[in-house]
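Structure file protein-v7.pdb (PDB, C-alpha atoms and all ligand atoms) follows.
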```pdb
MODEL        1
ATOM      1  CA  MET A1069      88.340 112.301  96.865
ATOM      2  CA  ARG A1070      87.424 110.279  99.965
ATOM      3  CA  ASN A1071      83.704 110.302 100.857
ATOM      4  CA  LEU A1072      83.385 111.646 104.419
ATOM      5  CA  TYR A1073      80.403 109.457 105.162
ATOM      6  CA  VAL A1074      81.923 106.106 104.242
ATOM      7  CA  PRO A1075      83.163 104.346 107.373
ATOM      8  CA  THR A1076      86.477 102.549 107.582
ATOM      9  CA  LYS A1077      86.383  98.868 108.509
ATOM     10  CA  ALA A1078      87.803  98.028 111.925
ATOM     11  CA  VAL A1079      88.196  94.797 113.885
ATOM     12  CA  ILE A1080      87.253  94.214 117.524
ATOM     13  CA  GLU A1081      90.464  92.852 119.075
ATOM     14  CA  LYS A1082      89.416  92.550 122.700
ATOM     15  CA  ILE A1083      86.275  92.932 124.804
ATOM     16  CA  LYS A1084      86.305  93.665 128.505
ATOM     17  CA  THR A1085      83.224  93.715 130.711
ATOM     18  CA  GLN A1086      83.014  96.840 132.877
ATOM     19  CA  THR A1087      79.525  96.548 134.419
ATOM     20  CA  HIS A1088      76.273  94.628 133.822
ATOM     21  CA  ASP A1089      75.461  96.914 130.842
ATOM     22  CA  THR A1090      78.812  98.331 129.720
ATOM     23  CA  LYS A1091      81.839  96.859 127.969
ATOM     24  CA  THR A1092      85.102  98.242 126.617
ATOM     25  CA  PHE A1093      85.894  97.240 123.032
ATOM     26  CA  THR A1094      89.508  97.482 121.891
ATOM     27  CA  ILE A1095      89.394  98.135 118.162
ATOM     28  CA  LYS A1096      91.990  98.151 115.384
ATOM     29  CA  PRO A1097      91.655  99.689 111.891
ATOM     30  CA  ALA A1098      91.435  96.738 109.446
ATOM     31  CA  ASN A1099      93.881  98.442 107.046
ATOM     32  CA  GLY A1100      96.539  98.563 109.800
ATOM     33  CA  GLU A1101      96.802 102.368 109.576
ATOM     34  CA  LYS A1102      97.753 104.203 112.750
ATOM     35  CA  PHE A1103      94.940 105.919 114.624
ATOM     36  CA  ASP A1104      95.687 109.368 116.038
ATOM     37  CA  PHE A1105      93.246 111.266 118.226
ATOM     38  CA  GLU A1106      93.058 113.891 120.954
ATOM     39  CA  PRO A1107      91.579 113.134 124.401
ATOM     40  CA  GLY A1108      87.865 114.041 124.380
ATOM     41  CA  GLN A1109      87.235 113.208 120.718
ATOM     42  CA  PHE A1110      84.709 110.633 119.490
ATOM     43  CA  ASN A1111      84.133 108.296 116.539
ATOM     44  CA  MET A1112      80.926 107.592 114.665
ATOM     45  CA  VAL A1113      80.626 103.821 115.183
ATOM     46  CA  SER A1114      78.440 101.888 112.734
ATOM     47  CA  LEU A1115      77.034  98.394 112.366
ATOM     48  CA  LEU A1116      75.521  97.335 109.060
ATOM     49  CA  GLY A1117      71.729  97.593 109.337
ATOM     50  CA  TYR A1118      71.790  99.402 112.701
ATOM     51  CA  GLY A1119      73.098 102.847 111.751
ATOM     52  CA  GLU A1120      75.707 104.919 113.511
ATOM     53  CA  ALA A1121      76.205 106.443 116.962
ATOM     54  CA  PRO A1122      78.815 108.839 118.345
ATOM     55  CA  ILE A1123      81.011 107.083 120.905
ATOM     56  CA  SER A1124      83.909 108.696 122.783
ATOM     57  CA  ILE A1125      87.365 107.217 122.611
ATOM     58  CA  SER A1126      88.305 105.934 126.069
ATOM     59  CA  SER A1127      91.928 104.790 125.634
ATOM     60  CA  SER A1128      95.303 106.465 125.911
ATOM     61  CA  PRO A1129      96.249 108.656 122.920
ATOM     62  CA  ASP A1130      99.777 107.223 123.156
ATOM     63  CA  ASN A1131      98.564 103.950 121.685
ATOM     64  CA  LYS A1132      98.253 104.543 117.935
ATOM     65  CA  LYS A1133      97.619 100.910 116.954
ATOM     66  CA  THR A1134      94.303 100.347 118.689
ATOM     67  CA  PHE A1135      91.704 102.480 120.436
ATOM     68  CA  ASP A1136      88.976 101.730 122.998
ATOM     69  CA  HIS A1137      85.276 102.456 122.999
ATOM     70  CA  THR A1138      83.473 101.952 126.311
ATOM     71  CA  ILE A1139      79.848 101.392 125.396
ATOM     72  CA  ARG A1140      76.688 101.217 127.473
ATOM     73  CA  PHE A1141      73.992  99.084 125.877
ATOM     74  CA  VAL A1142      70.946 101.355 125.646
ATOM     75  CA  GLY A1143      69.442 101.144 122.158
ATOM     76  CA  SER A1144      69.482  99.720 118.685
ATOM     77  CA  LEU A1145      73.171  99.957 117.749
ATOM     78  CA  THR A1146      74.656  99.551 121.196
ATOM     79  CA  ASN A1147      72.515  96.492 122.084
ATOM     80  CA  THR A1148      73.689  94.872 118.839
ATOM     81  CA  MET A1149      77.265  95.778 119.729
ATOM     82  CA  GLU A1150      76.842  93.794 122.948
ATOM     83  CA  LYS A1151      76.387  90.610 120.902
ATOM     84  CA  HIS A1152      79.603  91.180 118.953
ATOM     85  CA  LYS A1153      82.611  88.984 119.614
ATOM     86  CA  GLU A1154      86.357  89.431 119.288
ATOM     87  CA  GLY A1155      87.138  89.377 115.549
ATOM     88  CA  SER A1156      83.836  91.052 114.550
ATOM     89  CA  ILE A1157      83.932  93.962 112.109
ATOM     90  CA  VAL A1158      82.533  97.432 112.849
ATOM     91  CA  GLY A1159      82.545 100.686 110.854
ATOM     92  CA  ILE A1160      84.389 103.742 112.133
ATOM     93  CA  ARG A1161      84.368 107.384 111.038
ATOM     94  CA  GLY A1162      86.526 109.795 112.967
ATOM     95  CA  PRO A1163      88.085 110.950 115.157
ATOM     96  CA  TYR A1164      85.793 113.972 115.365
ATOM     97  CA  GLY A1165      85.189 116.962 117.591
ATOM     98  CA  SER A1166      87.050 119.154 120.022
ATOM     99  CA  SER A1167      89.319 117.885 122.775
ATOM    100  CA  TRP A1168      90.004 118.437 126.459
ATOM    101  CA  PRO A1169      92.425 121.326 127.189
ATOM    102  CA  VAL A1170      95.496 119.093 127.433
ATOM    103  CA  GLU A1171      97.974 121.856 126.533
ATOM    104  CA  GLU A1172      96.312 124.563 128.600
ATOM    105  CA  ALA A1173      96.378 122.262 131.628
ATOM    106  CA  LYS A1174     100.176 122.025 131.564
ATOM    107  CA  GLY A1175     101.669 123.517 134.727
ATOM    108  CA  LYS A1176      98.253 123.526 136.405
ATOM    109  CA  ASN A1177      96.334 121.349 138.834
ATOM    110  CA  VAL A1178      93.509 119.411 137.203
ATOM    111  CA  ILE A1179      90.259 118.265 138.800
ATOM    112  CA  PHE A1180      88.280 115.563 137.013
ATOM    113  CA  VAL A1181      84.602 115.294 137.904
ATOM    114  CA  ALA A1182      82.947 112.235 136.364
ATOM    115  CA  GLY A1183      79.504 110.726 136.644
ATOM    116  CA  GLY A1184      78.834 107.119 135.568
ATOM    117  CA  ILE A1185      79.896 106.456 131.983
ATOM    118  CA  GLY A1186      81.279 110.037 131.904
ATOM    119  CA  LEU A1187      84.584 108.625 133.126
ATOM    120  CA  ALA A1188      85.112 107.021 129.676
ATOM    121  CA  PRO A1189      85.743 110.266 127.696
ATOM    122  CA  LEU A1190      87.938 111.576 130.546
ATOM    123  CA  ARG A1191      90.153 108.503 130.710
ATOM    124  CA  PRO A1192      92.344 109.445 127.674
ATOM    125  CA  PHE A1193      93.136 112.785 129.353
ATOM    126  CA  ILE A1194      93.922 111.039 132.656
ATOM    127  CA  MET A1195      96.179 108.544 130.816
ATOM    128  CA  GLN A1196      97.921 111.366 128.949
ATOM    129  CA  MET A1197      98.640 113.172 132.226
ATOM    130  CA  PHE A1198     100.052 110.009 133.804
ATOM    131  CA  HIS A1199     102.258 109.546 130.735
ATOM    132  CA  ASP A1200     103.591 113.105 131.039
ATOM    133  CA  ARG A1201     103.196 113.406 134.823
ATOM    134  CA  ASP A1202     105.811 116.118 135.427
ATOM    135  CA  SER A1203     104.062 118.574 133.095
ATOM    136  CA  TYR A1204     101.032 118.875 135.374
ATOM    137  CA  GLY A1205     100.322 119.816 138.980
ATOM    138  CA  LYS A1206      98.046 117.948 141.349
ATOM    139  CA  ILE A1207      95.476 115.539 139.876
ATOM    140  CA  GLN A1208      92.190 115.063 141.723
ATOM    141  CA  ILE A1209      89.735 112.570 140.256
ATOM    142  CA  LEU A1210      86.228 112.726 141.725
ATOM    143  CA  TYR A1211      84.048 109.884 140.486
ATOM    144  CA  GLY A1212      80.412 109.218 141.283
ATOM    145  CA  ALA A1213      78.077 106.454 140.149
ATOM    146  CA  ARG A1214      74.556 105.337 141.009
ATOM    147  CA  GLY A1215      75.833 102.226 142.795
ATOM    148  CA  THR A1216      79.032 100.290 143.384
ATOM    149  CA  GLY A1217      78.251  97.984 140.449
ATOM    150  CA  GLU A1218      77.997 100.926 138.027
ATOM    151  CA  MET A1219      81.613 102.078 138.285
ATOM    152  CA  LEU A1220      83.929 101.737 135.278
ATOM    153  CA  PHE A1221      87.674 100.964 135.201
ATOM    154  CA  THR A1222      87.658  99.870 138.857
ATOM    155  CA  ASP A1223      90.557  97.454 138.254
ATOM    156  CA  GLU A1224      92.768 100.441 137.336
ATOM    157  CA  PHE A1225      92.059 102.564 140.406
ATOM    158  CA  ASN A1226      94.948 101.258 142.516
ATOM    159  CA  GLU A1227      97.399 102.004 139.701
ATOM    160  CA  TRP A1228      95.978 105.509 139.259
ATOM    161  CA  LYS A1229      96.441 106.260 142.963
ATOM    162  CA  LYS A1230     100.105 105.228 142.806
ATOM    163  CA  HIS A1231     100.990 108.231 140.617
ATOM    164  CA  SER A1232     102.568 111.141 142.454
ATOM    165  CA  ASP A1233     100.302 113.910 143.743
ATOM    166  CA  THR A1234      97.211 112.067 142.521
ATOM    167  CA  GLU A1235      93.991 111.617 144.481
ATOM    168  CA  LEU A1236      90.997 109.462 143.614
ATOM    169  CA  HIS A1237      87.758 110.083 145.507
ATOM    170  CA  LEU A1238      84.741 107.848 144.988
ATOM    171  CA  THR A1239      81.083 108.162 145.849
ATOM    172  CA  VAL A1240      77.871 106.276 145.077
ATOM    173  CA  ASP A1241      74.333 107.651 145.196
ATOM    174  CA  LYS A1242      73.228 104.779 147.409
ATOM    175  CA  LEU A1243      74.223 101.393 148.773
ATOM    176  CA  GLU A1244      72.251  98.166 148.738
ATOM    177  CA  GLU A1245      71.183  96.964 152.134
ATOM    178  CA  GLY A1246      74.186  95.504 153.989
ATOM    179  CA  GLU A1247      76.611  96.483 151.217
ATOM    180  CA  LYS A1248      80.141  97.396 152.375
ATOM    181  CA  TRP A1249      81.810 100.492 150.943
ATOM    182  CA  ASP A1250      84.876 102.334 152.243
ATOM    183  CA  HIS A1251      84.171 105.557 150.383
ATOM    184  CA  THR A1252      81.538 108.309 150.337
ATOM    185  CA  VAL A1253      77.784 108.008 149.803
ATOM    186  CA  GLY A1254      76.014 110.902 148.055
ATOM    187  CA  VAL A1255      76.077 112.771 144.747
ATOM    188  CA  VAL A1256      79.469 113.603 143.223
ATOM    189  CA  THR A1257      79.509 117.189 144.546
ATOM    190  CA  VAL A1258      79.774 115.870 148.129
ATOM    191  CA  LEU A1259      83.354 115.007 147.141
ATOM    192  CA  TYR A1260      84.207 118.705 146.727
ATOM    193  CA  ASP A1261      84.556 119.027 150.499
ATOM    194  CA  VAL A1262      86.222 115.628 150.907
ATOM    195  CA  ALA A1263      88.860 116.624 148.316
ATOM    196  CA  LYS A1264      89.262 120.207 149.623
ATOM    197  CA  LEU A1265      89.282 121.807 146.165
ATOM    198  CA  ASP A1266      91.413 124.891 145.574
ATOM    199  CA  PRO A1267      90.668 127.044 142.500
ATOM    200  CA  ALA A1268      94.157 128.609 142.381
ATOM    201  CA  ASN A1269      96.024 127.628 139.194
ATOM    202  CA  THR A1270      93.492 124.860 138.562
ATOM    203  CA  ILE A1271      91.199 123.758 135.774
ATOM    204  CA  ALA A1272      88.241 121.415 136.172
ATOM    205  CA  VAL A1273      86.964 119.020 133.520
ATOM    206  CA  ILE A1274      83.537 117.459 133.890
ATOM    207  CA  CYS A1275      81.666 114.698 132.122
ATOM    208  CA  GLY A1276      78.421 112.978 133.033
ATOM    209  CA  PRO A1277      74.670 113.370 132.648
ATOM    210  CA  GLU A1278      73.768 116.982 131.847
ATOM    211  CA  ILE A1279      71.867 117.478 135.090
ATOM    212  CA  MET A1280      74.891 116.268 137.048
ATOM    213  CA  MET A1281      77.139 118.682 135.114
ATOM    214  CA  ARG A1282      74.754 121.542 135.978
ATOM    215  CA  PHE A1283      75.206 120.952 139.706
ATOM    216  CA  ALA A1284      78.904 120.116 139.352
ATOM    217  CA  CYS A1285      79.607 123.423 137.539
ATOM    218  CA  ARG A1286      77.443 125.578 139.799
ATOM    219  CA  SER A1287      78.993 124.094 142.935
ATOM    220  CA  LEU A1288      82.472 124.843 141.553
ATOM    221  CA  LEU A1289      81.475 128.498 141.084
ATOM    222  CA  LYS A1290      80.393 128.539 144.726
ATOM    223  CA  LYS A1291      83.853 127.217 145.650
ATOM    224  CA  GLY A1292      85.457 130.253 143.959
ATOM    225  CA  PHE A1293      86.122 128.853 140.460
ATOM    226  CA  TYR A1294      85.501 131.081 137.426
ATOM    227  CA  ALA A1295      83.499 129.705 134.484
ATOM    228  CA  PRO A1296      86.520 129.842 132.090
ATOM    229  CA  GLN A1297      88.372 127.409 134.408
ATOM    230  CA  ILE A1298      85.724 124.734 133.763
ATOM    231  CA  TYR A1299      85.362 122.452 130.722
ATOM    232  CA  LEU A1300      82.624 119.923 130.028
ATOM    233  CA  SER A1301      81.529 117.521 127.315
ATOM    234  CA  LEU A1302      77.995 117.770 125.894
ATOM    235  CA  GLU A1303      75.966 114.973 124.300
ATOM    236  CA  ARG A1304      73.454 115.468 121.509
ATOM    237  CA  ARG A1305      71.886 113.102 118.998
ATOM    238  CA  MET A1306      74.006 113.153 115.844
ATOM    239  CA  LYS A1307      73.720 112.147 112.195
ATOM    240  CA  CYS A1308      76.664 113.385 110.127
ATOM    241  CA  GLY A1309      79.172 114.002 112.931
ATOM    242  CA  VAL A1310      80.954 116.647 110.861
ATOM    243  CA  GLY A1311      78.895 119.843 111.127
ATOM    244  CA  LYS A1312      76.799 119.402 107.967
ATOM    245  CA  CYS A1313      73.293 118.208 108.912
ATOM    246  CA  GLY A1314      72.386 120.439 111.871
ATOM    247  CA  HIS A1315      71.097 117.567 114.062
ATOM    248  CA  CYS A1316      73.321 118.502 116.996
ATOM    249  CA  GLN A1317      73.038 122.284 116.684
ATOM    250  CA  LEU A1318      73.054 124.423 119.850
ATOM    251  CA  GLY A1319      72.713 128.119 119.040
ATOM    252  CA  SER A1320      75.322 128.873 116.393
ATOM    253  CA  LYS A1321      77.449 125.841 117.334
ATOM    254  CA  PHE A1322      77.479 122.185 116.361
ATOM    255  CA  VAL A1323      78.212 119.762 119.198
ATOM    256  CA  CYS A1324      79.897 117.369 116.739
ATOM    257  CA  LYS A1325      82.284 119.950 115.300
ATOM    258  CA  ASP A1326      82.647 122.818 117.804
ATOM    259  CA  GLY A1327      82.212 120.373 120.729
ATOM    260  CA  PRO A1328      81.652 117.989 122.357
ATOM    261  CA  VAL A1329      84.119 119.695 124.744
ATOM    262  CA  PHE A1330      83.134 123.289 125.512
ATOM    263  CA  ARG A1331      84.302 125.779 128.082
ATOM    264  CA  TYR A1332      81.576 126.349 130.659
ATOM    265  CA  ASP A1333      81.246 130.104 130.027
ATOM    266  CA  GLU A1334      80.417 129.298 126.376
ATOM    267  CA  ALA A1335      78.225 126.248 127.073
ATOM    268  CA  LYS A1336      76.030 127.963 129.644
ATOM    269  CA  GLU A1337      74.937 130.515 127.034
ATOM    270  CA  PHE A1338      73.304 127.771 124.915
ATOM    271  CA  HIS A1339      69.522 127.815 125.380
ATOM    272  CA  ASP A1340      68.653 124.136 125.019
ATOM    273  CA  THR A1341      70.745 122.663 127.817
ATOM    274  CA  LEU A1342      70.182 122.019 131.508
ATOM    275  CA  LEU A1343      73.388 123.860 132.388
TER     276      LEU A1343
HETATM  277  C1  LIG B1401      79.971 113.037 121.674
HETATM  278  C2  LIG B1401      79.263 111.821 122.221
HETATM  279  C3  LIG B1401      79.993 110.834 122.827
HETATM  280  C4  LIG B1401      79.361 109.695 123.326
HETATM  281  N1  LIG B1401      80.122 108.736 123.908
HETATM  282  C5  LIG B1401      79.547 107.611 124.350
HETATM  283  C6  LIG B1401      80.338 106.586 124.935
HETATM  284  O1  LIG B1401      81.568 106.708 125.071
HETATM  285  N2  LIG B1401      79.719 105.458 125.334
HETATM  286  C7  LIG B1401      78.362 105.287 125.218
HETATM  287  O2  LIG B1401      77.846 104.239 125.602
HETATM  288  N3  LIG B1401      77.576 106.253 124.679
HETATM  289  C8  LIG B1401      78.135 107.399 124.238
HETATM  290  N4  LIG B1401      77.359 108.373 123.680
HETATM  291  C9  LIG B1401      75.904 108.176 123.616
HETATM  292  C10 LIG B1401      75.489 107.327 122.427
HETATM  293  O3  LIG B1401      75.887 107.938 121.232
HETATM  294  C11 LIG B1401      73.950 107.191 122.437
HETATM  295  O4  LIG B1401      73.560 106.466 123.601
HETATM  296  C12 LIG B1401      73.414 106.541 121.174
HETATM  297  O5  LIG B1401      72.099 106.975 120.998
HETATM  298  C13 LIG B1401      73.424 105.031 121.227
HETATM  299  O6  LIG B1401      72.905 104.554 120.006
HETATM  300  P1  LIG B1401      71.871 103.352 119.943
HETATM  301  O7  LIG B1401      71.501 103.151 118.496
HETATM  302  O8  LIG B1401      72.346 102.176 120.677
HETATM  303  O9  LIG B1401      70.659 103.888 120.771
HETATM  304  P2  LIG B1401      69.304 104.525 120.244
HETATM  305  O10 LIG B1401      68.485 103.481 119.570
HETATM  306  O11 LIG B1401      69.617 105.761 119.496
HETATM  307  O12 LIG B1401      68.619 104.865 121.636
HETATM  308  C14 LIG B1401      69.371 105.476 122.702
HETATM  309  C15 LIG B1401      68.439 106.071 123.721
HETATM  310  O13 LIG B1401      67.848 107.225 123.172
HETATM  311  C16 LIG B1401      66.443 107.057 123.113
HETATM  312  N5  LIG B1401      66.053 107.623 121.804
HETATM  313  C17 LIG B1401      65.968 106.978 120.632
HETATM  314  N6  LIG B1401      65.595 107.839 119.660
HETATM  315  C18 LIG B1401      65.464 109.059 120.258
HETATM  316  C19 LIG B1401      65.146 110.370 119.776
HETATM  317  N7  LIG B1401      64.843 110.608 118.494
HETATM  318  N8  LIG B1401      65.162 111.386 120.666
HETATM  319  C20 LIG B1401      65.462 111.165 121.955
HETATM  320  N9  LIG B1401      65.758 109.942 122.465
HETATM  321  C21 LIG B1401      65.756 108.919 121.624
HETATM  322  C22 LIG B1401      66.191 105.587 123.247
HETATM  323  O14 LIG B1401      64.951 105.332 123.851
HETATM  324  C23 LIG B1401      67.335 105.134 124.128
HETATM  325  O15 LIG B1401      67.083 105.376 125.489
HETATM  326  C24 LIG B1401      77.952 109.544 123.203
HETATM  327  C25 LIG B1401      77.207 110.548 122.593
HETATM  328  C26 LIG B1401      77.847 111.687 122.119
HETATM  329  C27 LIG B1401      77.042 112.762 121.468
HETATM  330  S1  LIG B1402      75.646 115.716 113.635
HETATM  331 FE1  LIG B1402      75.356 116.761 111.757
HETATM  332  S2  LIG B1402      75.850 118.783 112.306
HETATM  333 FE2  LIG B1402      76.367 117.675 114.083
ENDMDL
END
```

How would this structure read if it were set down as structure tokens?
Ligand SMILES: Cc1cc2nc3c(=O)[nH]c(=O)nc-3n(C[C@H](O)[C@H](O)[C@H](O)COP(=O)(O)OP(=O)(O)OC[C@H]3O[C@@H](n4cnc5c(N)ncnc54)[C@H](O)[C@@H]3O)c2cc1C
Ligand code: FES
Amino acid sequence: MRNLYVPTKAVIEKIKTQTHDTKTFTIKPANGEKFDFEPGQFNMVSLLGYGEAPISISSSPDNKKTFDHTIRFVGSLTNTMEKHKEGSIVGIRGPYGSSWPVEEAKGKNVIFVAGGIGLAPLRPFIMQMFHDRDSYGKIQILYGARGTGEMLFTDEFNEWKKHSDTELHLTVDKLEEGEKWDHTVGVVTVLYDVAKLDPANTIAVICGPEIMMRFACRSLLKKGFYAPQIYLSLERRMKCGVGKCGHCQLGSKFVCKDGPVFRYDEAKEFHDTLL
């Protein structure tokens, strides 16, 4: 029987710089096996001697040969990852966790609300919708970052906007002195009025820092959305990634196994969150 905790070897095929502290790594299983996942799921990524960390998959689920991890360099494992080159080996366990409501969204309008690196776990869902564009209604992507240099996937934005009935609205918390910016300044919820959100036949999916998700969800309720129309992805420190160790427990749920994607009406009942 296969040991759940033994990672599979994988090779970094390509590295793309996103911002001063974030890169996207395109990774391929070393055994050549196909890699299937659902948008919203994550892998436990490991480096020998530096442990493991949960990292969302940020590529399109249609590509089964490789997958992307968009990683911000913040600590022991991720800072070591930054030094890795194309051809380096990493360990992968996964994919794990729940996914965005891709099926439920069919026939509906979808609003994406992303903060900073929170756009990475949403990107597979966005890609999937573009791939199957006729199955969904209007797409509104609202993306906020601390500054213009903190935004991910900026080189794809023009392509995203070319899809039918698709809007992309951008905002930054603040601008540097003299910096030019053709979009909005302010926290991501200022985009709710810019985008003229309509709750009818719509679901909203949100990913970003927990405090941002608190305001993003509460402002949607004020706009007439019901909690069951809203989905979000929670982050907790993890060890096993498969619901065994209890590290990521929230109430009776495990973020690694029952999440990371939860419906807002369920997530807001958890005690230890900022929601
Ligand atoms: C489901 C999920 C998906 C994720 N997806 C992504 C992703 O796509 N991209 C990405 O970049 N990150 C993602 N993360 C976050 C990532 O897993 C963490 O940032 C992870 O801790 C990085 O590991 P590290 O060893 O580099 O950092 P660590 O060494 O673990 O340190 C990370 C940060 O946590 C602090 N810290 C260290 N130990 C503790 C502790 N015991 N308690 C509290 N704080 C502590 C450190 O000071 C540092 O600021 C995701 C997390 C989850 C749960
Ligand atoms: S990380 Fe072990 S139960 Fe979630």

For A:Lys1077: contacts at 6 Å, all atoms listed in the file, fewer than 2 positions along chain excluded, given as a ChimeraX atom specification: /A:1098,1158-1159

Pairwise distance for atom CA of A:Asp1250 and atom CA of A:Leu1238, rounded to one decimal in Å: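 Pair atom CA of A:Asp1250 / atom CA of A:Leu1238 returns 9.1 Å.
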
Give me, as a tab-separated table, each residue of stretch 1224-1261 of chain A that comes within 12 Å of stretch 1173-1189 of chain A, together with its shortest interatomic pair and the distance in Å at one decimal, counting all atoms listed in the file, with rows ordered by chain and rising residue number.
```
residue	atom	partner	partner_atom	distance
A:Asp1233	CA	A:Asn1177	CA	9.8
A:Thr1234	CA	A:Val1178	CA	9.8
A:Glu1235	CA	A:Ile1179	CA	9.5
A:Leu1236	CA	A:Phe1180	CA	9.4
A:His1237	CA	A:Val1181	CA	9.7
A:Leu1238	CA	A:Ala1182	CA	9.8
A:Thr1239	CA	A:Gly1183	CA	9.7
A:Val1240	CA	A:Gly1184	CA	9.6
A:Asp1241	CA	A:Gly1183	CA	10.5
A:Gly1254	CA	A:Gly1183	CA	11.9
A:Val1255	CA	A:Gly1183	CA	9.0
A:Val1256	CA	A:Gly1183	CA	7.2
A:Thr1257	CA	A:Val1181	CA	8.6
A:Val1258	CA	A:Val1181	CA	11.3
A:Leu1259	CA	A:Val1181	CA	9.3
A:Tyr1260	CA	A:Val1181	CA	9.5
```

Just so the selection is clear, what residues does the PyMOL selection byres (((not hetatm)) within 8 of (chain B and resi 1401)) cover here, as an mmCIF file with C-alpha atoms, in the frame of the given file?
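Output contents, as saved in result.cif:
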```
data_model
loop_
_atom_site.group_PDB
_atom_site.id
_atom_site.type_symbol
_atom_site.label_atom_id
_atom_site.label_comp_id
_atom_site.auth_asym_id
_atom_site.auth_seq_id
_atom_site.Cartn_x
_atom_site.Cartn_y
_atom_site.Cartn_z
ATOM 1 C CA THR A 1090 78.812 98.331 129.720
ATOM 2 C CA GLN A 1109 87.235 113.208 120.718
ATOM 3 C CA PHE A 1110 84.709 110.633 119.490
ATOM 4 C CA ASN A 1111 84.133 108.296 116.539
ATOM 5 C CA TYR A 1118 71.790 99.402 112.701
ATOM 6 C CA GLY A 1119 73.098 102.847 111.751
ATOM 7 C CA GLU A 1120 75.707 104.919 113.511
ATOM 8 C CA ALA A 1121 76.205 106.443 116.962
ATOM 9 C CA PRO A 1122 78.815 108.839 118.345
ATOM 10 C CA ILE A 1123 81.011 107.083 120.905
ATOM 11 C CA SER A 1124 83.909 108.696 122.783
ATOM 12 C CA ILE A 1125 87.365 107.217 122.611
ATOM 13 C CA SER A 1126 88.305 105.934 126.069
ATOM 14 C CA HIS A 1137 85.276 102.456 122.999
ATOM 15 C CA THR A 1138 83.473 101.952 126.311
ATOM 16 C CA ILE A 1139 79.848 101.392 125.396
ATOM 17 C CA ARG A 1140 76.688 101.217 127.473
ATOM 18 C CA PHE A 1141 73.992 99.084 125.877
ATOM 19 C CA VAL A 1142 70.946 101.355 125.646
ATOM 20 C CA GLY A 1143 69.442 101.144 122.158
ATOM 21 C CA SER A 1144 69.482 99.720 118.685
ATOM 22 C CA LEU A 1145 73.171 99.957 117.749
ATOM 23 C CA THR A 1146 74.656 99.551 121.196
ATOM 24 C CA ASN A 1147 72.515 96.492 122.084
ATOM 25 C CA THR A 1148 73.689 94.872 118.839
ATOM 26 C CA GLY A 1165 85.189 116.962 117.591
ATOM 27 C CA ILE A 1185 79.896 106.456 131.983
ATOM 28 C CA GLY A 1186 81.279 110.037 131.904
ATOM 29 C CA ALA A 1188 85.112 107.021 129.676
ATOM 30 C CA PRO A 1189 85.743 110.266 127.696
ATOM 31 C CA SER A 1301 81.529 117.521 127.315
ATOM 32 C CA LEU A 1302 77.995 117.770 125.894
ATOM 33 C CA GLU A 1303 75.966 114.973 124.300
ATOM 34 C CA ARG A 1304 73.454 115.468 121.509
ATOM 35 C CA ARG A 1305 71.886 113.102 118.998
ATOM 36 C CA MET A 1306 74.006 113.153 115.844
ATOM 37 C CA VAL A 1323 78.212 119.762 119.198
ATOM 38 C CA CYS A 1324 79.897 117.369 116.739
ATOM 39 C CA GLY A 1327 82.212 120.373 120.729
ATOM 40 C CA PRO A 1328 81.652 117.989 122.357
#
```

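Taking all atoms listed in the file into account, A:Ser1166 lies nearest to A:Arg1331 out of the set A:Arg1331, A:Lys1229, A:Lys1336, A:Lys1242.
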
The PyMOL selection byres (((not hetatm)) within 6 of (chain B and resi 1402)) resolved against shown file, as a PyMOL selection string: chain A and resi 1306-1316+1322-1324

Rounded to one decimal in Å, what is the spacing between atom CA of A:Gly1292 and atom CA of A:Ala1272?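 Here the two named atoms are 12.1 Å from each other.
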
With the file shown as input, list the residues that the PyMOL selection byres (((chain A and resi 1295) around 10) and not hetatm) selects, as a PyMOL selection string. chain A and resi 1271-1272+1285-1286+1288-1289+1292-1294+1296-1299+1331-1336

Quick one: everything within 10 Å of A:Thr1134, counting only C-alpha atoms, minus sequence neighbours fewer than 6 positions away in the same chain. Send it as an MDAnalysis selection string. chainID A and resid 1078:1081 1093:1097 1100:1104 1127:1128

If I take atom CA of A:Ile1274 and atom CA of A:Pro1169, how far is one from the other in Å, to one decimal?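 One can read the atom CA of A:Ile1274 to atom CA of A:Pro1169 distance as 11.8 Å.
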
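If all atoms listed in the file are the atoms counted, then among A:Trp1168, A:Phe1283, A:Phe1105, A:Tyr1211 the closest residue to A:Asn1131 is A:Phe1105.
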
Could you list as a short mmCIF file (atom, residue, chain, number, x, y, z; two decimals) with C-alpha atoms, in the coordinates of the input every residue that has an atom within 9 Å of (82.4, 100.7, 136.6), using the file's coordinates and counting all atoms listed in the file?
```cif
data_model
loop_
_atom_site.label_atom_id
_atom_site.label_comp_id
_atom_site.auth_asym_id
_atom_site.auth_seq_id
_atom_site.Cartn_x
_atom_site.Cartn_y
_atom_site.Cartn_z
CA GLN A 1086 83.01 96.84 132.88
CA THR A 1087 79.53 96.55 134.42
CA THR A 1090 78.81 98.33 129.72
CA GLY A 1184 78.83 107.12 135.57
CA ILE A 1185 79.90 106.46 131.98
CA LEU A 1187 84.58 108.62 133.13
CA ALA A 1213 78.08 106.45 140.15
CA THR A 1216 79.03 100.29 143.38
CA GLY A 1217 78.25 97.98 140.45
CA GLU A 1218 78.00 100.93 138.03
CA MET A 1219 81.61 102.08 138.28
CA LEU A 1220 83.93 101.74 135.28
CA PHE A 1221 87.67 100.96 135.20
CA THR A 1222 87.66 99.87 138.86
CA ASP A 1223 90.56 97.45 138.25
#
```
